[in-house]
file start_0.pdb (PDB, C-alpha atoms)
ATOM      1  CA  MET A   1      27.861  66.918  21.817
ATOM      2  CA  LEU A   2      31.505  66.646  20.791
ATOM      3  CA  GLN A   3      32.698  63.030  20.676
ATOM      4  CA  ILE A   4      36.378  62.549  21.471
ATOM      5  CA  ALA A   5      37.857  59.421  19.994
ATOM      6  CA  GLY A   6      39.982  57.278  22.246
ATOM      7  CA  PRO A   7      43.224  55.533  21.319
ATOM      8  CA  PRO A   8      42.929  53.106  18.398
ATOM      9  CA  ALA A   9      42.761  49.374  19.026
ATOM     10  CA  PRO A  10      46.047  47.638  18.111
ATOM     11  CA  GLU A  11      44.367  45.489  15.467
ATOM     12  CA  THR A  12      43.249  48.617  13.575
ATOM     13  CA  LEU A  13      46.752  50.067  13.257
ATOM     14  CA  ARG A  14      48.890  50.108  10.146
ATOM     15  CA  ARG A  15      52.090  48.059  10.335
ATOM     16  CA  ASP A  16      54.256  51.112  11.014
ATOM     17  CA  GLN A  17      51.835  52.374  13.672
ATOM     18  CA  PHE A  18      51.711  48.983  15.368
ATOM     19  CA  ALA A  19      55.517  48.822  15.373
ATOM     20  CA  ARG A  20      55.631  52.282  16.980
ATOM     21  CA  ARG A  21      53.127  51.200  19.627
ATOM     22  CA  GLN A  22      55.203  48.093  20.355
ATOM     23  CA  ARG A  23      58.346  50.206  20.758
ATOM     24  CA  ILE A  24      56.522  52.262  23.374
ATOM     25  CA  VAL A  25      55.287  49.167  25.217
ATOM     26  CA  ARG A  26      58.709  47.533  25.232
ATOM     27  CA  ALA A  27      60.416  50.711  26.397
ATOM     28  CA  ALA A  28      57.907  50.911  29.256
ATOM     29  CA  LEU A  29      58.449  47.213  30.004
ATOM     30  CA  ARG A  30      62.202  47.741  30.274
ATOM     31  CA  ALA A  31      61.666  50.776  32.491
ATOM     32  CA  LEU A  32      59.291  48.886  34.758
ATOM     33  CA  ALA A  33      61.566  45.834  34.945
ATOM     34  CA  SER A  34      64.388  48.053  36.215
ATOM     35  CA  ALA A  35      62.221  50.183  38.506
ATOM     36  CA  GLY A  36      62.604  47.975  41.558
ATOM     37  CA  SER A  37      59.441  47.534  43.597
ATOM     38  CA  ASP A  38      57.844  50.889  42.746
ATOM     39  CA  TYR A  39      56.197  51.328  39.338
ATOM     40  CA  ASP A  40      55.578  55.017  40.146
ATOM     41  CA  GLN A  41      59.260  55.582  39.428
ATOM     42  CA  VAL A  42      58.578  55.077  35.727
ATOM     43  CA  LYS A  43      58.179  58.454  34.017
ATOM     44  CA  ILE A  44      56.071  58.585  30.871
ATOM     45  CA  SER A  45      58.270  61.307  29.389
ATOM     46  CA  GLU A  46      61.291  58.992  29.678
ATOM     47  CA  VAL A  47      59.372  56.118  28.094
ATOM     48  CA  ALA A  48      58.523  58.376  25.157
ATOM     49  CA  ARG A  49      62.158  59.438  24.845
ATOM     50  CA  ASP A  50      63.484  55.872  25.036
ATOM     51  CA  SER A  51      60.999  54.657  22.434
ATOM     52  CA  GLY A  52      61.894  57.490  20.060
ATOM     53  CA  VAL A  53      58.497  59.192  19.963
ATOM     54  CA  ALA A  54      57.132  62.524  21.143
ATOM     55  CA  LEU A  55      55.097  62.538  24.341
ATOM     56  CA  GLY A  56      52.026  63.603  22.365
ATOM     57  CA  THR A  57      52.498  60.630  20.052
ATOM     58  CA  LEU A  58      52.607  58.261  23.018
ATOM     59  CA  TYR A  59      49.262  59.588  24.215
ATOM     60  CA  ARG A  60      47.731  58.933  20.801
ATOM     61  CA  TYR A  61      48.206  55.228  21.504
ATOM     62  CA  PHE A  62      47.524  55.198  25.249
ATOM     63  CA  ALA A  63      44.828  57.112  27.079
ATOM     64  CA  SER A  64      46.728  57.243  30.355
ATOM     65  CA  LYS A  65      49.702  55.908  32.279
ATOM     66  CA  GLU A  66      47.410  53.153  33.568
ATOM     67  CA  HIS A  67      46.481  52.202  30.013
ATOM     68  CA  LEU A  68      50.169  51.973  29.093
ATOM     69  CA  PHE A  69      50.926  49.861  32.166
ATOM     70  CA  ALA A  70      48.053  47.548  31.241
ATOM     71  CA  ALA A  71      49.621  47.036  27.813
ATOM     72  CA  VAL A  72      52.978  46.415  29.497
ATOM     73  CA  PHE A  73      51.423  43.813  31.765
ATOM     74  CA  VAL A  74      49.824  42.123  28.747
ATOM     75  CA  GLU A  75      53.319  41.876  27.224
ATOM     76  CA  TRP A  76      54.847  40.536  30.465
ATOM     77  CA  GLU A  77      52.051  38.041  31.048
ATOM     78  CA  GLY A  78      52.308  36.916  27.431
ATOM     79  CA  ALA A  79      55.976  36.066  27.946
ATOM     80  CA  LEU A  80      55.063  34.142  31.110
ATOM     81  CA  LYS A  81      52.327  32.262  29.239
ATOM     82  CA  LYS A  82      54.814  31.234  26.546
ATOM     83  CA  LYS A  83      57.099  29.795  29.213
ATOM     84  CA  LEU A  84      54.219  27.919  30.822
ATOM     85  CA  ASP A  85      52.967  26.647  27.461
ATOM     86  CA  LYS A  86      56.453  25.545  26.416
ATOM     87  CA  GLU A  87      56.736  23.329  29.485
ATOM     88  CA  PRO A  88      53.320  21.840  30.368
ATOM     89  CA  PRO A  89      52.355  21.526  34.049
ATOM     90  CA  ARG A  90      54.305  18.778  35.794
ATOM     91  CA  GLY A  91      52.752  16.200  38.068
ATOM     92  CA  VAL A  92      50.927  12.889  38.114
ATOM     93  CA  THR A  93      47.735  14.175  39.684
ATOM     94  CA  GLU A  94      45.554  17.121  38.843
ATOM     95  CA  ALA A  95      46.437  18.693  42.199
ATOM     96  CA  ASP A  96      50.163  18.351  41.455
ATOM     97  CA  ARG A  97      49.805  20.010  38.065
ATOM     98  CA  LEU A  98      47.678  22.809  39.460
ATOM     99  CA  ARG A  99      50.262  23.389  42.189
ATOM    100  CA  ASP A 100      53.023  23.519  39.572
ATOM    101  CA  VAL A 101      51.250  26.193  37.495
ATOM    102  CA  PHE A 102      50.576  28.377  40.520
ATOM    103  CA  HIS A 103      54.097  27.908  41.903
ATOM    104  CA  ARG A 104      55.600  29.039  38.615
ATOM    105  CA  THR A 105      53.310  32.060  38.599
ATOM    106  CA  ILE A 106      54.296  32.979  42.156
ATOM    107  CA  ARG A 107      57.939  32.619  41.191
ATOM    108  CA  ALA A 108      57.521  35.101  38.333
ATOM    109  CA  PHE A 109      56.067  37.719  40.686
ATOM    110  CA  GLN A 110      58.684  36.872  43.313
ATOM    111  CA  LEU A 111      61.399  37.833  40.830
ATOM    112  CA  GLN A 112      59.617  41.037  39.748
ATOM    113  CA  PRO A 113      57.207  42.173  42.485
ATOM    114  CA  GLN A 114      56.613  45.523  40.789
ATOM    115  CA  PHE A 115      54.448  43.711  38.259
ATOM    116  CA  TYR A 116      52.062  42.622  40.987
ATOM    117  CA  ARG A 117      51.829  46.218  42.155
ATOM    118  CA  VAL A 118      50.691  46.970  38.607
ATOM    119  CA  VAL A 119      48.049  44.246  38.976
ATOM    120  CA  MET A 120      46.793  45.910  42.152
ATOM    121  CA  MET A 121      46.568  49.232  40.349
ATOM    122  CA  LEU A 122      44.744  47.726  37.369
ATOM    123  CA  THR A 123      42.126  45.953  39.492
ATOM    124  CA  ALA A 124      41.105  49.355  40.870
ATOM    125  CA  THR A 125      41.481  51.490  37.747
ATOM    126  CA  ALA A 126      38.686  53.665  36.425
ATOM    127  CA  ASP A 127      40.336  53.753  32.992
ATOM    128  CA  THR A 128      38.152  51.558  30.796
ATOM    129  CA  TYR A 129      40.945  50.989  28.260
ATOM    130  CA  ALA A 130      43.255  49.718  30.994
ATOM    131  CA  ALA A 131      40.490  47.627  32.575
ATOM    132  CA  ASP A 132      39.638  45.964  29.255
ATOM    133  CA  LEU A 133      43.266  45.029  28.634
ATOM    134  CA  TYR A 134      43.642  43.631  32.139
ATOM    135  CA  GLN A 135      40.496  41.545  31.680
ATOM    136  CA  SER A 136      42.017  39.968  28.579
ATOM    137  CA  VAL A 137      45.081  38.980  30.623
ATOM    138  CA  SER A 138      42.885  37.443  33.314
ATOM    139  CA  SER A 139      41.190  35.276  30.692
ATOM    140  CA  GLN A 140      44.590  34.291  29.289
ATOM    141  CA  PHE A 141      45.831  33.161  32.710
ATOM    142  CA  ARG A 142      42.661  31.118  33.245
ATOM    143  CA  ASP A 143      43.279  29.394  29.907
ATOM    144  CA  THR A 144      46.811  28.537  31.024
ATOM    145  CA  VAL A 145      45.616  27.079  34.322
ATOM    146  CA  GLN A 146      43.070  24.946  32.460
ATOM    147  CA  THR A 147      45.947  22.884  31.037
ATOM    148  CA  ALA A 148      46.502  21.475  34.549
ATOM    149  CA  PHE A 149      43.055  19.904  34.665
ATOM    150  CA  THR A 150      42.436  16.341  33.582
ATOM    151  CA  GLY A 151      38.882  16.783  32.388
ATOM    152  CA  PRO A 152      36.789  19.596  30.890
ATOM    153  CA  PHE A 153      36.673  23.028  32.508
ATOM    154  CA  ASP A 154      33.261  22.384  34.066
ATOM    155  CA  ASP A 155      31.555  24.233  36.921
ATOM    156  CA  ASP A 156      33.522  22.359  39.578
ATOM    157  CA  ARG A 157      36.900  23.062  38.003
ATOM    158  CA  HIS A 158      35.901  26.669  37.399
ATOM    159  CA  ALA A 159      35.149  26.899  41.139
ATOM    160  CA  ILE A 160      38.519  25.306  41.960
ATOM    161  CA  TYR A 161      40.284  27.833  39.738
ATOM    162  CA  ASN A 162      38.427  30.777  41.276
ATOM    163  CA  THR A 163      39.141  29.568  44.812
ATOM    164  CA  VAL A 164      42.875  28.993  44.373
ATOM    165  CA  ASN A 165      43.279  32.157  42.317
ATOM    166  CA  SER A 166      41.557  34.167  45.061
ATOM    167  CA  VAL A 167      43.976  32.738  47.629
ATOM    168  CA  LEU A 168      46.873  33.610  45.325
ATOM    169  CA  ASP A 169      45.639  37.165  44.820
ATOM    170  CA  THR A 170      45.024  37.826  48.516
ATOM    171  CA  SER A 171      48.375  36.339  49.500
ATOM    172  CA  LEU A 172      50.371  38.249  46.884
ATOM    173  CA  ARG A 173      48.694  41.508  47.899
ATOM    174  CA  SER A 174      49.668  40.891  51.512
ATOM    175  CA  TRP A 175      53.190  39.958  50.438
ATOM    176  CA  VAL A 176      53.872  43.132  48.432
ATOM    177  CA  MET A 177      52.548  45.122  51.403
ATOM    178  CA  ASN A 178      55.045  43.277  53.652
ATOM    179  CA  HIS A 179      52.329  41.542  55.684
ATOM    180  CA  LEU A 180      53.360  38.049  54.528
ATOM    181  CA  THR A 181      56.569  36.402  53.415
ATOM    182  CA  ILE A 182      56.850  34.807  49.998
ATOM    183  CA  SER A 183      57.012  31.443  51.777
ATOM    184  CA  ASP A 184      53.587  32.226  53.218
ATOM    185  CA  VAL A 185      52.268  32.806  49.698
ATOM    186  CA  TYR A 186      53.446  29.391  48.524
ATOM    187  CA  GLU A 187      52.086  27.773  51.684
ATOM    188  CA  ASN A 188      48.654  29.415  51.386
ATOM    189  CA  VAL A 189      48.256  28.252  47.799
ATOM    190  CA  ASP A 190      49.465  24.745  48.695
ATOM    191  CA  ASN A 191      46.998  24.553  51.584
ATOM    192  CA  ALA A 192      44.109  25.655  49.382
ATOM    193  CA  ILE A 193      44.895  22.945  46.830
ATOM    194  CA  ARG A 194      45.422  20.337  49.536
ATOM    195  CA  LEU A 195      42.096  21.124  51.206
ATOM    196  CA  ILE A 196      40.260  20.950  47.886
ATOM    197  CA  TYR A 197      41.738  17.635  46.770
ATOM    198  CA  GLU A 198      42.758  15.783  49.928
ATOM    199  CA  TYR A 199      40.819  16.978  52.937
ATOM    200  CA  GLN A 200      38.566  14.408  54.562
ATOM    201  CA  PRO A 201      36.953  15.440  57.844
ATOM    202  CA  SER A 202      37.318  13.108  60.759
ATOM    203  CA  PRO A 203      34.178  11.210  61.769
ATOM    204  CA  ALA A 204      32.169  13.039  64.410
TER     205      ALA A 204
END
call {"tool": "encode", "arguments": {"input": "start_0.pdb", "output": "C-alpha cells"}}
result
Amino acid sequence: MLQIAGPPAPETLRRDQFARRQRIVRAALRALASAGSDYDQVKISEVARDSGVALGTLYRYFASKEHLFAAVFVEWEGALKKKLDKEPPRGVTEADRLRDVFHRTIRAFQLQPQFYRVVMMLTATADTYAADLYQSVSSQFRDTVQTAFTGPFDDDRHAIYNTVNSVLDTSLRSWVMNHLTISDVYENVDNAIRLIYEYQPSPA
C-alpha cells in the first residue's frame, strides 16, 4: 500500500525551511487578527501570497487549513503565555491568583474573539495534525495556570483547574454564539472560583 508522508514536524526542518514555515504562520496570524469575528474570511491563497510562497509550498508544511490555524493558535497562545509569565498572577490568596489568570485569559479572547472560534473548530477537528498541535497548547495553558497555585499540582488542584477551565470554555462558547455577554463570562468564572474556595453550606 502506498504510504503518503504528512507535513514534516517543525523540529525536523532546516533553518531556511523553518523560517519559511514561520513566515506562513505569521502571515496567517496577521490575516486572522484582522478578520474580525469570522476566521472563515481568511483565504489560504492570500496567506500563501502574503508569505511569499506558492500555494503548493504552503501545503507541504500544513496538511489543511485547520492544521495551519492550529499552528497560528499556538503562536497566539505563546504570545499570551509570555505576557502571563512576564507578570506573575496577582493576589494574596490562591483564589485571587487563579481569578487573575483566568481574567487575563478572558480579556485576550474578548479583544480577539475570532481566536476562540478557532478553538471551537480545533476541538472538533478530525485533522490529527491540527488536533496534536491544539493538545500541546492545552498543556501549555495548564502549565501557566499552575503558577497561581500555592502548593503542588496534586489531584485536588488538577480538579480545580479542570472545573474552572470547563466553566470558562462553556461560557466563552456561549459568548461567541451571542448567548451570553462577556460580563457573564467573567461572572461565571468568578462564581466557580468562589464556590470552590469560599462556599460553606448553611447548617440544616
call {"tool": "atom_distance", "arguments": {"input": "start_0.pdb", "atom1": "CA of Phe109 in chain A", "atom2": "CA of Ala131 in chain A"}}
result
20.2 Å
call {"tool": "resolve_selection", "arguments": {"input": "start_0.pdb", "expression": "the PyMOL selection byres ((chain A and resi 10-22) around 10)", "output": "list in words"}}
result
Pro7, Pro8, Ala9, Arg23, Ile24, Val25, Arg26, Ala27, Ala28, Ser51, Gly52, Val53, Thr57, Leu58, Arg60, Tyr61, Phe62, Leu68, Ala71, Val72 and Glu75 of chain A
call {"tool": "closest_residue", "arguments": {"input": "start_0.pdb", "among": "A:Asp127, A:Asp169, A:Asp96, A:Asp184", "to": "Glu198 in chain A", "atoms": "only C-alpha atoms"}}
result
A:Asp96
call {"tool": "resolve_selection", "arguments": {"input": "start_0.pdb", "expression": "the PyMOL selection byres ((chain A and resi 163) around 12)", "output": "PDB file with C-alpha atoms, keeping the file's coordinate frame"}}
result
ATOM      1  CA  ASP A 156      33.522  22.359  39.578  1.00  0.00           C
ATOM      2  CA  ARG A 157      36.900  23.062  38.003  1.00  0.00           C
ATOM      3  CA  HIS A 158      35.901  26.669  37.399  1.00  0.00           C
ATOM      4  CA  ALA A 159      35.149  26.899  41.139  1.00  0.00           C
ATOM      5  CA  ILE A 160      38.519  25.306  41.960  1.00  0.00           C
ATOM      6  CA  TYR A 161      40.284  27.833  39.738  1.00  0.00           C
ATOM      7  CA  ASN A 162      38.427  30.777  41.276  1.00  0.00           C
ATOM      8  CA  VAL A 164      42.875  28.993  44.373  1.00  0.00           C
ATOM      9  CA  ASN A 165      43.279  32.157  42.317  1.00  0.00           C
ATOM     10  CA  SER A 166      41.557  34.167  45.061  1.00  0.00           C
ATOM     11  CA  VAL A 167      43.976  32.738  47.629  1.00  0.00           C
ATOM     12  CA  LEU A 168      46.873  33.610  45.325  1.00  0.00           C
ATOM     13  CA  ASP A 169      45.639  37.165  44.820  1.00  0.00           C
ATOM     14  CA  THR A 170      45.024  37.826  48.516  1.00  0.00           C
ATOM     15  CA  ASN A 188      48.654  29.415  51.386  1.00  0.00           C
ATOM     16  CA  VAL A 189      48.256  28.252  47.799  1.00  0.00           C
ATOM     17  CA  ASN A 191      46.998  24.553  51.584  1.00  0.00           C
ATOM     18  CA  ALA A 192      44.109  25.655  49.382  1.00  0.00           C
ATOM     19  CA  ILE A 193      44.895  22.945  46.830  1.00  0.00           C
ATOM     20  CA  LEU A 195      42.096  21.124  51.206  1.00  0.00           C
ATOM     21  CA  ILE A 196      40.260  20.950  47.886  1.00  0.00           C
TER      22      ILE A 196
END
call {"tool": "resolve_selection", "arguments": {"input": "start_0.pdb", "expression": "the PyMOL selection byres ((chain A and resi 143-148) around 12)", "output": "PDB file with C-alpha atoms, in the frame of the given file"}}
result
ATOM      1  CA  GLU A  77      52.051  38.041  31.048  1.00  0.00           C
ATOM      2  CA  GLY A  78      52.308  36.916  27.431  1.00  0.00           C
ATOM      3  CA  LEU A  80      55.063  34.142  31.110  1.00  0.00           C
ATOM      4  CA  LYS A  81      52.327  32.262  29.239  1.00  0.00           C
ATOM      5  CA  LYS A  82      54.814  31.234  26.546  1.00  0.00           C
ATOM      6  CA  LYS A  83      57.099  29.795  29.213  1.00  0.00           C
ATOM      7  CA  LEU A  84      54.219  27.919  30.822  1.00  0.00           C
ATOM      8  CA  ASP A  85      52.967  26.647  27.461  1.00  0.00           C
ATOM      9  CA  LYS A  86      56.453  25.545  26.416  1.00  0.00           C
ATOM     10  CA  GLU A  87      56.736  23.329  29.485  1.00  0.00           C
ATOM     11  CA  PRO A  88      53.320  21.840  30.368  1.00  0.00           C
ATOM     12  CA  PRO A  89      52.355  21.526  34.049  1.00  0.00           C
ATOM     13  CA  ARG A  90      54.305  18.778  35.794  1.00  0.00           C
ATOM     14  CA  GLY A  91      52.752  16.200  38.068  1.00  0.00           C
ATOM     15  CA  VAL A  92      50.927  12.889  38.114  1.00  0.00           C
ATOM     16  CA  THR A  93      47.735  14.175  39.684  1.00  0.00           C
ATOM     17  CA  GLU A  94      45.554  17.121  38.843  1.00  0.00           C
ATOM     18  CA  ALA A  95      46.437  18.693  42.199  1.00  0.00           C
ATOM     19  CA  ASP A  96      50.163  18.351  41.455  1.00  0.00           C
ATOM     20  CA  ARG A  97      49.805  20.010  38.065  1.00  0.00           C
ATOM     21  CA  LEU A  98      47.678  22.809  39.460  1.00  0.00           C
ATOM     22  CA  ARG A  99      50.262  23.389  42.189  1.00  0.00           C
ATOM     23  CA  ASP A 100      53.023  23.519  39.572  1.00  0.00           C
ATOM     24  CA  VAL A 101      51.250  26.193  37.495  1.00  0.00           C
ATOM     25  CA  PHE A 102      50.576  28.377  40.520  1.00  0.00           C
ATOM     26  CA  HIS A 103      54.097  27.908  41.903  1.00  0.00           C
ATOM     27  CA  ARG A 104      55.600  29.039  38.615  1.00  0.00           C
ATOM     28  CA  THR A 105      53.310  32.060  38.599  1.00  0.00           C
ATOM     29  CA  SER A 136      42.017  39.968  28.579  1.00  0.00           C
ATOM     30  CA  VAL A 137      45.081  38.980  30.623  1.00  0.00           C
ATOM     31  CA  SER A 138      42.885  37.443  33.314  1.00  0.00           C
ATOM     32  CA  SER A 139      41.190  35.276  30.692  1.00  0.00           C
ATOM     33  CA  GLN A 140      44.590  34.291  29.289  1.00  0.00           C
ATOM     34  CA  PHE A 141      45.831  33.161  32.710  1.00  0.00           C
ATOM     35  CA  ARG A 142      42.661  31.118  33.245  1.00  0.00           C
ATOM     36  CA  PHE A 149      43.055  19.904  34.665  1.00  0.00           C
ATOM     37  CA  THR A 150      42.436  16.341  33.582  1.00  0.00           C
ATOM     38  CA  GLY A 151      38.882  16.783  32.388  1.00  0.00           C
ATOM     39  CA  PRO A 152      36.789  19.596  30.890  1.00  0.00           C
ATOM     40  CA  PHE A 153      36.673  23.028  32.508  1.00  0.00           C
ATOM     41  CA  ASP A 154      33.261  22.384  34.066  1.00  0.00           C
ATOM     42  CA  ARG A 157      36.900  23.062  38.003  1.00  0.00           C
ATOM     43  CA  HIS A 158      35.901  26.669  37.399  1.00  0.00           C
ATOM     44  CA  ALA A 159      35.149  26.899  41.139  1.00  0.00           C
ATOM     45  CA  ILE A 160      38.519  25.306  41.960  1.00  0.00           C
ATOM     46  CA  TYR A 161      40.284  27.833  39.738  1.00  0.00           C
ATOM     47  CA  ASN A 162      38.427  30.777  41.276  1.00  0.00           C
ATOM     48  CA  VAL A 164      42.875  28.993  44.373  1.00  0.00           C
ATOM     49  CA  ASN A 165      43.279  32.157  42.317  1.00  0.00           C
TER      50      ASN A 165
END
call {"tool": "closest_residue", "arguments": {"input": "start_0.pdb", "among": "A:Asp155, A:Asp190, A:Asp40, A:Asp50", "to": "Arg117 in chain A", "atoms": "only C-alpha atoms"}}
result
A:Asp40
call {"tool": "atom_distance", "arguments": {"input": "start_0.pdb", "atom1": "CA of Ala124 in chain A", "atom2": "CA of Leu55 in chain A"}}
result
25.4 Å
call {"tool": "atom_distance", "arguments": {"input": "start_0.pdb", "atom1": "CA of Ala108 in chain A", "atom2": "CA of Arg49 in chain A"}}
result
28.2 Å
call {"tool": "closest_residue", "arguments": {"input": "start_0.pdb", "among": "A:Leu172, A:Leu29, A:Val42, A:Ala35", "to": "Gln110 in chain A", "atoms": "all atoms listed in the file"}}
result
A:Leu172
call {"tool": "closest_residue", "arguments": {"input": "start_0.pdb", "among": "A:Ser64, A:Phe69, A:Ser174, A:Val74", "to": "Val118 in chain A", "atoms": "all atoms listed in the file"}}
result
A:Phe69
call {"tool": "closest_residue", "arguments": {"input": "start_0.pdb", "among": "A:Leu122, A:Arg107, A:Pro203, A:Tyr134", "to": "Tyr186 in chain A", "atoms": "only C-alpha atoms"}}
result
A:Arg107
call {"tool": "decode", "arguments": {"input": "start_0.pdb", "residues": "range 128-143 of chain A", "atoms": "N, CA, C and O atoms", "output": "mmCIF file, in the first residue's frame"}}
result
data_model
loop_
_atom_site.group_PDB
_atom_site.id
_atom_site.type_symbol
_atom_site.label_atom_id
_atom_site.label_comp_id
_atom_site.auth_asym_id
_atom_site.auth_seq_id
_atom_site.Cartn_x
_atom_site.Cartn_y
_atom_site.Cartn_z
ATOM 1 N N THR A 128 -5.630 15.107 12.431
ATOM 2 C CA THR A 128 -4.784 14.694 13.552
ATOM 3 C C THR A 128 -3.627 15.659 13.776
ATOM 4 O O THR A 128 -3.190 15.854 14.919
ATOM 5 N N TYR A 129 -3.107 16.271 12.707
ATOM 6 C CA TYR A 129 -2.018 17.231 12.863
ATOM 7 C C TYR A 129 -2.506 18.452 13.636
ATOM 8 O O TYR A 129 -1.821 18.961 14.534
ATOM 9 N N ALA A 130 -3.688 18.938 13.284
ATOM 10 C CA ALA A 130 -4.264 20.080 13.988
ATOM 11 C C ALA A 130 -4.580 19.722 15.434
ATOM 12 O O ALA A 130 -4.322 20.505 16.356
ATOM 13 N N ALA A 131 -5.147 18.532 15.647
ATOM 14 C CA ALA A 131 -5.520 18.110 16.998
ATOM 15 C C ALA A 131 -4.290 17.986 17.898
ATOM 16 O O ALA A 131 -4.331 18.371 19.075
ATOM 17 N N ASP A 132 -3.201 17.459 17.357
ATOM 18 C CA ASP A 132 -1.977 17.314 18.149
ATOM 19 C C ASP A 132 -1.407 18.673 18.554
ATOM 20 O O ASP A 132 -0.961 18.855 19.695
ATOM 21 N N LEU A 133 -1.436 19.630 17.630
ATOM 22 C CA LEU A 133 -0.947 20.964 17.958
ATOM 23 C C LEU A 133 -1.819 21.618 19.019
ATOM 24 O O LEU A 133 -1.317 22.239 19.957
ATOM 25 N N TYR A 134 -3.131 21.459 18.886
ATOM 26 C CA TYR A 134 -4.035 22.071 19.861
ATOM 27 C C TYR A 134 -3.834 21.451 21.236
ATOM 28 O O TYR A 134 -3.890 22.152 22.253
ATOM 29 N N GLN A 135 -3.567 20.164 21.290
ATOM 30 C CA GLN A 135 -3.328 19.499 22.570
ATOM 31 C C GLN A 135 -2.095 20.070 23.259
ATOM 32 O O GLN A 135 -2.072 20.234 24.488
ATOM 33 N N SER A 136 -1.082 20.407 22.471
ATOM 34 C CA SER A 136 0.128 20.993 23.059
ATOM 35 C C SER A 136 -0.164 22.358 23.670
ATOM 36 O O SER A 136 0.397 22.723 24.701
ATOM 37 N N VAL A 137 -1.081 23.115 23.046
ATOM 38 C CA VAL A 137 -1.461 24.419 23.584
ATOM 39 C C VAL A 137 -2.231 24.247 24.880
ATOM 40 O O VAL A 137 -2.044 24.999 25.837
ATOM 41 N N SER A 138 -3.115 23.250 24.923
ATOM 42 C CA SER A 138 -3.884 22.990 26.136
ATOM 43 C C SER A 138 -2.964 22.684 27.310
ATOM 44 O O SER A 138 -3.177 23.163 28.432
ATOM 45 N N SER A 139 -1.928 21.903 27.070
ATOM 46 C CA SER A 139 -0.963 21.585 28.121
ATOM 47 C C SER A 139 -0.202 22.828 28.552
ATOM 48 O O SER A 139 0.086 23.025 29.739
ATOM 49 N N GLN A 140 0.098 23.698 27.582
ATOM 50 C CA GLN A 140 0.826 24.938 27.886
ATOM 51 C C GLN A 140 -0.010 25.856 28.766
ATOM 52 O O GLN A 140 0.503 26.458 29.716
ATOM 53 N N PHE A 141 -1.318 25.956 28.478
ATOM 54 C CA PHE A 141 -2.186 26.803 29.290
ATOM 55 C C PHE A 141 -2.298 26.242 30.705
ATOM 56 O O PHE A 141 -2.279 26.991 31.680
ATOM 57 N N ARG A 142 -2.399 24.926 30.830
ATOM 58 C CA ARG A 142 -2.458 24.311 32.159
ATOM 59 C C ARG A 142 -1.200 24.638 32.953
ATOM 60 O O ARG A 142 -1.277 24.943 34.145
ATOM 61 N N ASP A 143 -0.045 24.610 32.295
ATOM 62 C CA ASP A 143 1.207 24.944 32.978
ATOM 63 C C ASP A 143 1.197 26.390 33.471
ATOM 64 O O ASP A 143 1.716 26.699 34.548
#
